[in-house]
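J.: Can you read through this structure? Questions will come right after.
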Amino acid sequence: MDGTSLVMLGIILALLCASAMFSGTETAFTAASRAFVTRRAKEGDRRAVTLGKLSERKDRVVAAILVGNNLVNTTATALASALLISWFGEGGVAYASLVMTALLVIFSEVLPKTLALRSPDSAAMRVVPVLSTTMRLLGPVADLVNIVVRGTLRLFGAKTPEAERPGITEDELLGAIDLHGMGHQGPADLAARQERGMLRGVLALDDMTVRDVMTHRSRVVALNTAEKPEAMLAKVLASPHARFPLWGRDGEEILGVVHARDVLRALQAAAGDTAKMDLVAVAQPASLVIETRPLREQLQEFRKAPIKMAMVLDEYGSLKGIVTLEDIVEVVVGQIVQRGEAILGDLSENGEVEVRGDLRVRDINRELGWDLPEDEAATIGGLVAARQRGIPQVGTEVIIGPYMLRVLERRGQRIDRLVVRPLTPAIAA
């Protein structure tokens with residue numbers, strides 16, 4: 001083998017390495033997390049700042065990389081053909097095609113791309129100098145390529161690619177949340193599941209209204225001026241709550257909100273005489289809100305309001321219930337136990353669990369990782385009633401997707417207790 005052949009082999013090897021560099025750089029650049037790059041840029045990492053600027057014109061960068069990659073691949077193949085023809089004659093063309101295809105696919109495509117995909121974020125940070133150099137050398141050529149591409153697309157009536165979006169969509173963010181903690185086991189899996197629920201809850205604030213989280217009037221512990229002061233004091237002492245709506249005698253007039261401390265002040269003002277206690281005098285003005293108000297707006301209102309409770313009205317001005325800051329917080333963190341009782345009963349061996357009828361569907365899904373429909377009714381009892389188009393009798397069984405719900409107890413016209421059990425795949429089918 002003469003010196004010329006050795007030089008050509010060295011050049012071909014260098015071109016194969018350059019091809020591998022371009023392939024790995026392209027994969028790392030396109031697969032890098034924008035959130036990671038943005039966070040590192042805010043921390044002052046210069047490479048991340050450069051990478052973020054390059055990502056604003058991703059089509060231009062990819063075009064430059066492809067130009068460089070195809071240039072070195074074509075040159076390497078041409079040199080290999082010339083070298084092998086000098087060794088084997090005309091048959092060298094076939095040998096060059098086979099050998100270069102194998103080398104390019106294995107060592108210049110699959111291998112560098114696989115390495116880049118193992119850790120695309122760190123790989124993207126390492127190849128920033130390569131990207132910057134490529135753009136300085138081949139940026140004008142990439143612009144020309146993109147002009148030809150856009151012209152061709154317009155010629156055939158196709159829309160040209162839009163500019164890079166400034167951020168990720170909510171669907172993409174939800175998909176990223178679903179991937180958080182996947183593959184973890186034991187306590188780590190439980191923690192990741194809770195974190196996913198809280199992150200989804202934050203995003204849900206934009207899509208929910210006060211009606212979705214309010215406590216219905218039938219479940220509100222309220223004080224009524226028609227009651228004797230002694231009875232109202234007993235109700236306050238027996239309740240786990242600290243704030244109480246104060247109704248007029250007809251049960252419709254909203255007189256204000258009474259805090260447990262206000263009751264003590266009223267009792268002190270009456271010199272300890274319960275019969276002379278005047279709660280109307282110490283009641284604070286009630287905040288009124290329409291049931292269709294977006295939940296995020298109500299959260300901002302509670303941040304400024306001294307009383308973290310509001311009366312919920314429908315479009316006709318009738319009282320529907322109340323909403324508190326805790327109700328909104330529960331969307332993010334899950335149900336907050338106030339009466340010392342468990343959110344759910346114990347799971348049986350077949351996955352069956354007993355729940356209260358007023359338990360919200362989203363809390364069941366959050367705690368058990370289920371996917372009962374949350375858009376038909378707020379509570380599990382309401383979901384059964386909606387599917388039955390009425391109030392079912394005790395013992396009624398309803399199948400909703402892969403779950404069976406059975407009514408255990410009713411209280412008046414309200415479903416009080418149910419059993420929920422996931423069906424086996426064979427039964428669910």
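So you can find residues: chains in the structure tokens are A, B, ... in the order shown, residues in each start at 1, and ligands are numbered from 1 in order.
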Check region 194-371 of chain A with DSSP on the backbone and list each residue it calls alpha helix (DSSP H), as a ChimeraX atom specification.

T.: /A:194-204,210-213,229-238,260-269,279-282,295-304,325-333,361-368

J.: Give me the residues near Arg211 (chain A) as an NGL selection string, where near means some atom within 10 Å (using only C-alpha atoms) and where sequence neighbours in that chain fewer than 2 positions away do not count.

T.: :A and (208-209 or 213-216 or 290-295 or 312-314 or 320-323 or 378)

J.: Write down as a PyMOL selection string the residues of region 32-244 of chain A whose backbone DSSP state falls under strand (DSSP E or B).

T.: chain A and resi 209+215-216+223-224+243-244

J.: I need the residues from that last selection saved to file as a PDB file, in the first residue's frame (with all heavy atoms), if you can.

T.:
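File selection-v2.pdb, as written:
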ATOM      1  N   THR A 209     -64.437  25.909  37.471  1.00  0.00           N
ATOM      2  CA  THR A 209     -65.184  27.040  37.994  1.00  0.00           C
ATOM      3  C   THR A 209     -65.500  26.802  39.469  1.00  0.00           C
ATOM      4  O   THR A 209     -65.284  25.706  40.002  1.00  0.00           O
ATOM      5  CB  THR A 209     -66.488  27.260  37.224  1.00  0.00           C
ATOM      6  OG1 THR A 209     -67.341  26.101  37.403  1.00  0.00           O
ATOM      7  CG2 THR A 209     -66.217  27.454  35.734  1.00  0.00           C
ATOM      8  N   THR A 215     -69.001  23.659  48.202  1.00  0.00           N
ATOM      9  CA  THR A 215     -69.750  22.772  49.082  1.00  0.00           C
ATOM     10  C   THR A 215     -71.227  23.107  48.944  1.00  0.00           C
ATOM     11  O   THR A 215     -71.634  24.253  49.171  1.00  0.00           O
ATOM     12  CB  THR A 215     -69.309  22.957  50.545  1.00  0.00           C
ATOM     13  OG1 THR A 215     -67.914  22.678  50.649  1.00  0.00           O
ATOM     14  CG2 THR A 215     -70.084  22.031  51.462  1.00  0.00           C
ATOM     15  N   HIS A 216     -72.025  22.119  48.536  1.00  0.00           N
ATOM     16  CA  HIS A 216     -73.450  22.382  48.294  1.00  0.00           C
ATOM     17  C   HIS A 216     -74.143  22.815  49.587  1.00  0.00           C
ATOM     18  O   HIS A 216     -73.753  22.426  50.699  1.00  0.00           O
ATOM     19  CB  HIS A 216     -74.133  21.133  47.739  1.00  0.00           C
ATOM     20  CG  HIS A 216     -75.506  21.405  47.216  1.00  0.00           C
ATOM     21  ND1 HIS A 216     -76.637  21.274  47.992  1.00  0.00           N
ATOM     22  CD2 HIS A 216     -75.920  21.828  45.992  1.00  0.00           C
ATOM     23  CE1 HIS A 216     -77.701  21.594  47.271  1.00  0.00           C
ATOM     24  NE2 HIS A 216     -77.297  21.933  46.056  1.00  0.00           N
ATOM     25  N   LEU A 223     -75.267  28.869  60.609  1.00  0.00           N
ATOM     26  CA  LEU A 223     -76.013  29.373  61.759  1.00  0.00           C
ATOM     27  C   LEU A 223     -77.211  30.162  61.257  1.00  0.00           C
ATOM     28  O   LEU A 223     -77.124  30.865  60.251  1.00  0.00           O
ATOM     29  CB  LEU A 223     -75.121  30.274  62.624  1.00  0.00           C
ATOM     30  CG  LEU A 223     -73.795  29.657  63.088  1.00  0.00           C
ATOM     31  CD1 LEU A 223     -72.982  30.681  63.873  1.00  0.00           C
ATOM     32  CD2 LEU A 223     -74.053  28.409  63.924  1.00  0.00           C
ATOM     33  N   ASN A 224     -78.334  30.025  61.949  1.00  0.00           N
ATOM     34  CA  ASN A 224     -79.565  30.690  61.549  1.00  0.00           C
ATOM     35  C   ASN A 224     -80.100  31.498  62.714  1.00  0.00           C
ATOM     36  O   ASN A 224     -80.196  30.999  63.842  1.00  0.00           O
ATOM     37  CB  ASN A 224     -80.606  29.651  61.098  1.00  0.00           C
ATOM     38  CG  ASN A 224     -81.772  30.276  60.360  1.00  0.00           C
ATOM     39  OD1 ASN A 224     -82.383  31.228  60.828  1.00  0.00           O
ATOM     40  ND2 ASN A 224     -82.069  29.737  59.182  1.00  0.00           N
ATOM     41  N   ARG A 243     -65.303  28.746  60.360  1.00  0.00           N
ATOM     42  CA  ARG A 243     -66.130  29.812  59.782  1.00  0.00           C
ATOM     43  C   ARG A 243     -67.529  29.270  59.488  1.00  0.00           C
ATOM     44  O   ARG A 243     -67.680  28.130  59.027  1.00  0.00           O
ATOM     45  CB  ARG A 243     -65.491  30.360  58.501  1.00  0.00           C
ATOM     46  CG  ARG A 243     -64.125  30.969  58.705  1.00  0.00           C
ATOM     47  CD  ARG A 243     -63.562  31.449  57.358  1.00  0.00           C
ATOM     48  NE  ARG A 243     -63.395  30.347  56.428  1.00  0.00           N
ATOM     49  CZ  ARG A 243     -62.250  29.681  56.267  1.00  0.00           C
ATOM     50  NH1 ARG A 243     -61.198  30.019  56.981  1.00  0.00           N
ATOM     51  NH2 ARG A 243     -62.162  28.697  55.404  1.00  0.00           N
ATOM     52  N   PHE A 244     -68.532  30.130  59.717  1.00  0.00           N
ATOM     53  CA  PHE A 244     -69.916  29.699  59.553  1.00  0.00           C
ATOM     54  C   PHE A 244     -70.726  30.793  58.856  1.00  0.00           C
ATOM     55  O   PHE A 244     -70.679  31.949  59.271  1.00  0.00           O
ATOM     56  CB  PHE A 244     -70.558  29.393  60.917  1.00  0.00           C
ATOM     57  CG  PHE A 244     -69.818  28.372  61.720  1.00  0.00           C
ATOM     58  CD1 PHE A 244     -68.776  28.757  62.553  1.00  0.00           C
ATOM     59  CD2 PHE A 244     -70.157  27.035  61.629  1.00  0.00           C
ATOM     60  CE1 PHE A 244     -68.079  27.824  63.292  1.00  0.00           C
ATOM     61  CE2 PHE A 244     -69.460  26.090  62.376  1.00  0.00           C
ATOM     62  CZ  PHE A 244     -68.419  26.478  63.205  1.00  0.00           C
TER      63      PHE A 244
END

J.: Quick one: of A:Gln388, A:Thr25, A:Thr114, A:Ser108, who's nearest to Thr133 (chain A), counting only C-alpha atoms?

T.: A:Thr25

J.: Applying 8 Å and only C-alpha atoms, which residues near Tyr403 (chain A) remain after dropping the ones on its own chain fewer than 4 positions away? List them as a PyMOL selection string.

T.: chain A and resi 372+399+420-423+428

J.: Go ahead and save the picked residues with all heavy atoms, as an mmCIF file, in the first residue's frame.

T.:
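File part_39.cif, as written:
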data_model
loop_
_atom_site.group_PDB
_atom_site.id
_atom_site.type_symbol
_atom_site.label_atom_id
_atom_site.label_comp_id
_atom_site.auth_asym_id
_atom_site.auth_seq_id
_atom_site.Cartn_x
_atom_site.Cartn_y
_atom_site.Cartn_z
ATOM 1 N N LEU A 372 -61.922 7.388 36.728
ATOM 2 C CA LEU A 372 -63.368 7.617 36.659
ATOM 3 C C LEU A 372 -63.624 8.971 35.995
ATOM 4 O O LEU A 372 -62.866 9.915 36.200
ATOM 5 C CB LEU A 372 -63.980 7.598 38.062
ATOM 6 C CG LEU A 372 -64.091 6.228 38.740
ATOM 7 C CD1 LEU A 372 -64.257 6.396 40.239
ATOM 8 C CD2 LEU A 372 -65.249 5.431 38.152
ATOM 9 N N ILE A 399 -72.233 0.129 36.118
ATOM 10 C CA ILE A 399 -70.911 -0.073 35.531
ATOM 11 C C ILE A 399 -70.538 1.173 34.747
ATOM 12 O O ILE A 399 -71.256 1.593 33.839
ATOM 13 C CB ILE A 399 -70.883 -1.314 34.615
ATOM 14 C CG1 ILE A 399 -71.107 -2.578 35.446
ATOM 15 C CG2 ILE A 399 -69.562 -1.399 33.865
ATOM 16 C CD1 ILE A 399 -71.124 -3.847 34.641
ATOM 17 N N VAL A 420 -66.995 0.923 45.345
ATOM 18 C CA VAL A 420 -66.454 1.004 43.990
ATOM 19 C C VAL A 420 -65.435 -0.115 43.828
ATOM 20 O O VAL A 420 -64.579 -0.313 44.695
ATOM 21 C CB VAL A 420 -65.790 2.368 43.717
ATOM 22 C CG1 VAL A 420 -65.362 2.475 42.263
ATOM 23 C CG2 VAL A 420 -66.727 3.506 44.087
ATOM 24 N N ARG A 421 -65.549 -0.831 42.707
ATOM 25 C CA ARG A 421 -64.634 -1.940 42.459
ATOM 26 C C ARG A 421 -64.220 -1.956 40.989
ATOM 27 O O ARG A 421 -65.084 -1.888 40.110
ATOM 28 C CB ARG A 421 -65.300 -3.264 42.819
ATOM 29 C CG ARG A 421 -64.467 -4.511 42.467
ATOM 30 C CD ARG A 421 -65.117 -5.760 43.033
ATOM 31 N NE ARG A 421 -66.453 -5.938 42.498
ATOM 32 C CZ ARG A 421 -66.696 -6.582 41.344
ATOM 33 N NH1 ARG A 421 -65.712 -7.051 40.605
ATOM 34 N NH2 ARG A 421 -67.953 -6.741 40.944
ATOM 35 N N PRO A 422 -62.918 -2.051 40.725
ATOM 36 C CA PRO A 422 -62.496 -2.185 39.316
ATOM 37 C C PRO A 422 -62.839 -3.560 38.792
ATOM 38 O O PRO A 422 -62.659 -4.572 39.497
ATOM 39 C CB PRO A 422 -60.978 -1.958 39.385
ATOM 40 C CG PRO A 422 -60.604 -2.326 40.771
ATOM 41 C CD PRO A 422 -61.771 -1.985 41.637
ATOM 42 N N LEU A 423 -63.372 -3.637 37.597
ATOM 43 C CA LEU A 423 -63.695 -4.902 36.974
ATOM 44 C C LEU A 423 -62.450 -5.532 36.373
ATOM 45 O O LEU A 423 -61.510 -4.858 36.004
ATOM 46 C CB LEU A 423 -64.740 -4.701 35.881
ATOM 47 C CG LEU A 423 -66.085 -4.091 36.320
ATOM 48 C CD1 LEU A 423 -66.915 -3.742 35.110
ATOM 49 C CD2 LEU A 423 -66.834 -5.046 37.224
ATOM 50 N N ALA A 428 -64.960 -6.413 32.091
ATOM 51 C CA ALA A 428 -65.124 -5.063 31.551
ATOM 52 C C ALA A 428 -65.378 -5.092 30.067
ATOM 53 O O ALA A 428 -66.028 -4.235 29.523
ATOM 54 C CB ALA A 428 -63.872 -4.245 31.859
#

J.: Could you name the residues that touch Gly248 (chain A) at 12 Å or less, counting only C-alpha atoms, but leaving out those on the same chain fewer than 6 positions away, as a PyMOL selection string?

T.: chain A and resi 222-227+254-257+279-280

J.: If you count only C-alpha atoms, which residues fall within 10 Å of region 109-111 of chain A, apart from same-chain ones fewer than 2 positions away, as a list in words?

T.: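 Answer for this query is Leu16, Ser19, Ala20, Met21, Phe22, Ser23, Gly24, Thr27, Leu103, Leu104, Val105, Ile106, Phe107, Lys113, Thr114, Leu115 and Ala116 of chain A.
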
J.: Given the selection you just returned, output its residues as a file containing N, CA, C and O atoms, formatted as a PDB file, in the first residue's frame.

T.:
ATOM      1  N   LEU A  16     -15.508  10.116   8.156  1.00  0.00           N
ATOM      2  CA  LEU A  16     -16.472   9.288   8.897  1.00  0.00           C
ATOM      3  C   LEU A  16     -16.662   9.823  10.320  1.00  0.00           C
ATOM      4  O   LEU A  16     -17.783   9.842  10.841  1.00  0.00           O
ATOM      5  N   SER A  19     -18.797  12.839  10.049  1.00  0.00           N
ATOM      6  CA  SER A  19     -20.190  12.439   9.837  1.00  0.00           C
ATOM      7  C   SER A  19     -20.835  12.025  11.150  1.00  0.00           C
ATOM      8  O   SER A  19     -21.986  12.371  11.438  1.00  0.00           O
ATOM      9  N   ALA A  20     -20.089  11.241  11.960  1.00  0.00           N
ATOM     10  CA  ALA A  20     -20.615  10.828  13.269  1.00  0.00           C
ATOM     11  C   ALA A  20     -20.874  12.040  14.157  1.00  0.00           C
ATOM     12  O   ALA A  20     -21.871  12.103  14.887  1.00  0.00           O
ATOM     13  N   MET A  21     -19.961  13.031  14.084  1.00  0.00           N
ATOM     14  CA  MET A  21     -20.133  14.244  14.889  1.00  0.00           C
ATOM     15  C   MET A  21     -21.406  14.988  14.471  1.00  0.00           C
ATOM     16  O   MET A  21     -22.195  15.425  15.322  1.00  0.00           O
ATOM     17  N   PHE A  22     -21.623  15.135  13.163  1.00  0.00           N
ATOM     18  CA  PHE A  22     -22.827  15.815  12.689  1.00  0.00           C
ATOM     19  C   PHE A  22     -24.096  15.066  13.103  1.00  0.00           C
ATOM     20  O   PHE A  22     -25.085  15.679  13.523  1.00  0.00           O
ATOM     21  N   SER A  23     -24.081  13.732  12.985  1.00  0.00           N
ATOM     22  CA  SER A  23     -25.267  12.935  13.331  1.00  0.00           C
ATOM     23  C   SER A  23     -25.598  13.048  14.810  1.00  0.00           C
ATOM     24  O   SER A  23     -26.747  13.255  15.200  1.00  0.00           O
ATOM     25  N   GLY A  24     -24.574  12.896  15.657  1.00  0.00           N
ATOM     26  CA  GLY A  24     -24.817  13.016  17.091  1.00  0.00           C
ATOM     27  C   GLY A  24     -25.245  14.413  17.494  1.00  0.00           C
ATOM     28  O   GLY A  24     -26.107  14.592  18.360  1.00  0.00           O
ATOM     29  N   THR A  27     -28.982  14.920  16.619  1.00  0.00           N
ATOM     30  CA  THR A  27     -29.875  14.235  17.556  1.00  0.00           C
ATOM     31  C   THR A  27     -29.902  14.941  18.905  1.00  0.00           C
ATOM     32  O   THR A  27     -30.975  15.147  19.492  1.00  0.00           O
ATOM     33  N   LEU A 103     -20.321   1.218   7.079  1.00  0.00           N
ATOM     34  CA  LEU A 103     -19.597   2.103   7.983  1.00  0.00           C
ATOM     35  C   LEU A 103     -20.428   3.329   8.359  1.00  0.00           C
ATOM     36  O   LEU A 103     -20.471   3.739   9.528  1.00  0.00           O
ATOM     37  N   LEU A 104     -21.087   3.935   7.362  1.00  0.00           N
ATOM     38  CA  LEU A 104     -21.881   5.137   7.628  1.00  0.00           C
ATOM     39  C   LEU A 104     -23.078   4.833   8.529  1.00  0.00           C
ATOM     40  O   LEU A 104     -23.380   5.599   9.457  1.00  0.00           O
ATOM     41  N   VAL A 105     -23.766   3.733   8.251  1.00  0.00           N
ATOM     42  CA  VAL A 105     -24.964   3.403   9.035  1.00  0.00           C
ATOM     43  C   VAL A 105     -24.588   3.066  10.478  1.00  0.00           C
ATOM     44  O   VAL A 105     -25.208   3.561  11.431  1.00  0.00           O
ATOM     45  N   ILE A 106     -23.566   2.218  10.635  1.00  0.00           N
ATOM     46  CA  ILE A 106     -23.231   1.741  11.983  1.00  0.00           C
ATOM     47  C   ILE A 106     -22.490   2.808  12.794  1.00  0.00           C
ATOM     48  O   ILE A 106     -22.893   3.163  13.909  1.00  0.00           O
ATOM     49  N   PHE A 107     -21.380   3.307  12.244  1.00  0.00           N
ATOM     50  CA  PHE A 107     -20.494   4.164  13.032  1.00  0.00           C
ATOM     51  C   PHE A 107     -20.768   5.663  12.891  1.00  0.00           C
ATOM     52  O   PHE A 107     -20.359   6.437  13.751  1.00  0.00           O
ATOM     53  N   LYS A 113     -25.988   8.606  17.284  1.00  0.00           N
ATOM     54  CA  LYS A 113     -27.357   8.966  17.665  1.00  0.00           C
ATOM     55  C   LYS A 113     -27.779   8.248  18.940  1.00  0.00           C
ATOM     56  O   LYS A 113     -28.461   8.828  19.800  1.00  0.00           O
ATOM     57  N   THR A 114     -27.382   6.981  19.060  1.00  0.00           N
ATOM     58  CA  THR A 114     -27.712   6.231  20.274  1.00  0.00           C
ATOM     59  C   THR A 114     -27.042   6.850  21.494  1.00  0.00           C
ATOM     60  O   THR A 114     -27.664   6.998  22.557  1.00  0.00           O
ATOM     61  N   LEU A 115     -25.777   7.207  21.357  1.00  0.00           N
ATOM     62  CA  LEU A 115     -25.069   7.847  22.464  1.00  0.00           C
ATOM     63  C   LEU A 115     -25.708   9.180  22.833  1.00  0.00           C
ATOM     64  O   LEU A 115     -25.851   9.511  24.022  1.00  0.00           O
ATOM     65  N   ALA A 116     -26.123   9.957  21.835  1.00  0.00           N
ATOM     66  CA  ALA A 116     -26.746  11.253  22.109  1.00  0.00           C
ATOM     67  C   ALA A 116     -28.088  11.094  22.806  1.00  0.00           C
ATOM     68  O   ALA A 116     -28.446  11.882  23.688  1.00  0.00           O
TER      69      ALA A 116
END

J.: Give me the residues near Val61 (chain A) as a PyMOL selection string, where near means some atom within 8 Å (using only C-alpha atoms) and where sequence neighbours in that chain fewer than 3 positions away do not count.

T.: chain A and resi 54-55+57-58+64-65+131+135+139+142

J.: Please produce an output containing all heavy atoms for each residue in the selection, written as a compact mmCIF listing (two decimals), in the first residue's frame.

T.:
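To be explicit, this is the file written out as again_25.txt:
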# COMPACT_ATOMS: atom_id res chain seq x y z
N LEU A 54 -29.95 29.45 19.34
CA LEU A 54 -29.97 28.60 18.15
C LEU A 54 -31.31 27.90 17.99
O LEU A 54 -31.78 27.67 16.87
CB LEU A 54 -28.84 27.56 18.24
CG LEU A 54 -27.41 28.10 18.13
CD1 LEU A 54 -26.40 26.99 18.43
CD2 LEU A 54 -27.15 28.69 16.75
N SER A 55 -31.95 27.57 19.12
CA SER A 55 -33.24 26.87 19.05
C SER A 55 -34.36 27.74 18.50
O SER A 55 -35.39 27.23 18.07
CB SER A 55 -33.63 26.37 20.46
OG SER A 55 -32.69 25.43 20.94
N ARG A 57 -34.26 29.31 15.80
CA ARG A 57 -34.31 29.01 14.36
C ARG A 57 -33.84 27.58 14.15
O ARG A 57 -32.83 27.31 13.52
CB ARG A 57 -33.44 29.99 13.58
CG ARG A 57 -34.04 31.35 13.37
CD ARG A 57 -35.32 31.30 12.53
NE ARG A 57 -35.11 30.56 11.29
CZ ARG A 57 -34.61 31.10 10.18
NH1 ARG A 57 -34.24 32.36 10.17
NH2 ARG A 57 -34.46 30.38 9.10
N LYS A 58 -34.62 26.66 14.69
CA LYS A 58 -34.22 25.26 14.63
C LYS A 58 -34.13 24.75 13.19
O LYS A 58 -33.26 23.93 12.87
CB LYS A 58 -35.21 24.41 15.44
CG LYS A 58 -34.81 22.95 15.56
CD LYS A 58 -35.74 22.20 16.50
CE LYS A 58 -35.48 22.59 17.93
NZ LYS A 58 -36.25 21.77 18.89
N ALA A 64 -28.28 23.40 8.28
CA ALA A 64 -26.83 23.51 8.23
C ALA A 64 -26.15 22.20 8.60
O ALA A 64 -25.17 21.78 7.96
CB ALA A 64 -26.37 24.63 9.17
N ILE A 65 -26.67 21.52 9.63
CA ILE A 65 -26.10 20.23 10.02
C ILE A 65 -26.24 19.20 8.90
O ILE A 65 -25.30 18.45 8.60
CB ILE A 65 -26.78 19.72 11.31
CG1 ILE A 65 -26.46 20.64 12.49
CG2 ILE A 65 -26.34 18.30 11.63
CD1 ILE A 65 -27.21 20.30 13.76
N LEU A 131 -22.04 23.34 17.04
CA LEU A 131 -23.18 24.02 16.42
C LEU A 131 -22.80 25.44 16.01
O LEU A 131 -23.15 25.90 14.91
CB LEU A 131 -24.35 24.06 17.40
CG LEU A 131 -25.09 22.73 17.64
CD1 LEU A 131 -26.06 22.86 18.81
CD2 LEU A 131 -25.85 22.30 16.39
N MET A 135 -22.76 26.80 12.15
CA MET A 135 -23.60 27.91 11.70
C MET A 135 -22.76 29.02 11.07
O MET A 135 -23.22 29.67 10.12
CB MET A 135 -24.42 28.46 12.87
CG MET A 135 -25.47 27.49 13.40
SD MET A 135 -26.53 26.85 12.11
CE MET A 135 -27.29 28.34 11.51
N GLY A 139 -24.13 28.46 7.68
CA GLY A 139 -25.38 29.19 7.86
C GLY A 139 -25.93 29.78 6.57
O GLY A 139 -27.13 29.60 6.27
N ALA A 142 -27.40 27.08 4.52
CA ALA A 142 -28.66 26.61 5.11
C ALA A 142 -29.80 27.56 4.77
O ALA A 142 -30.93 27.11 4.50
CB ALA A 142 -28.52 26.49 6.63

J.: At what distance in Å, to one decimal, does CA of Glu367 (chain A) lie from CA of Ala238 (chain A)?

T.: 28.7 Å

J.: Could you check how far CA of Thr30 (chain A) sits from CA of Leu13 (chain A), in Å to one decimal?

T.: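 Interatomic distance here is 26.1 Å.
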
J.: So that I can check the surroundings of Leu15 (chain A), please list as a short mmCIF file (atom, residue, chain, number, x, y, z; two decimals) with C-alpha atoms, in the first residue's frame every protein, DNA and RNA residue that reaches within 12 Å of it, counting only C-alpha atoms and ignoring chain neighbours fewer than 5 positions away.

T.:
data_model
loop_
_atom_site.label_atom_id
_atom_site.label_comp_id
_atom_site.auth_asym_id
_atom_site.auth_seq_id
_atom_site.Cartn_x
_atom_site.Cartn_y
_atom_site.Cartn_z
CA MET A 8 -6.83 8.68 1.33
CA LEU A 9 -7.67 6.13 4.06
CA GLY A 10 -6.85 8.74 6.69
CA ALA A 20 -20.61 10.83 13.27
CA MET A 21 -20.13 14.24 14.89
CA PHE A 22 -22.83 15.81 12.69
CA GLY A 68 -22.42 19.39 6.47
CA ASN A 69 -23.34 15.76 7.08
CA ASN A 70 -24.24 15.05 3.48
CA LEU A 71 -21.13 16.87 2.27
CA VAL A 72 -18.76 14.69 4.30
CA ASN A 73 -20.75 11.49 3.51
CA THR A 74 -20.64 12.16 -0.22
CA THR A 75 -16.96 13.07 -0.16
CA ALA A 76 -16.06 10.00 1.88
CA THR A 77 -17.99 7.72 -0.47
CA ALA A 78 -16.37 9.29 -3.54
CA LEU A 79 -12.86 8.88 -2.11
CA ALA A 80 -13.57 5.28 -1.10
CA MET A 100 -19.31 2.73 3.02
CA LEU A 103 -19.60 2.10 7.98
CA LEU A 104 -21.88 5.14 7.63
CA PHE A 107 -20.49 4.16 13.03
CA SER A 108 -21.68 7.49 11.61
#

J.: A:Pro129, A:Gly351, A:Pro120, A:Gly183: which is nearest Arg46 (chain A), counting only C-alpha atoms?

T.: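 Looking at the shortest contact to Arg46 (chain A), the residue is A:Pro129.
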
J.: Of the residues A:Leu51, A:Val7, A:Ile391, A:Leu174, which is the one nearest to Arg411 (chain A), using only C-alpha atoms?

T.: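 Smallest distance to Arg411 (chain A) is found for A:Ile391.
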
J.: CA of Ala305 (chain A) and CA of Val289 (chain A) are how many Å apart?

T.: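 Interatomic distance, CA of Ala305 (chain A) to CA of Val289 (chain A): 12.8 Å.
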
J.: Kindly indicate which residue among A:Ser132, A:Ser119, A:Thr38, A:Ser33 lies nearest to Ala176 (chain A), using only C-alpha atoms for the distances.

T.: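 Checking each of A:Ser132, A:Ser119, A:Thr38, A:Ser33 against Ala176 (chain A), counting only C-alpha atoms, the winner is A:Ser33.
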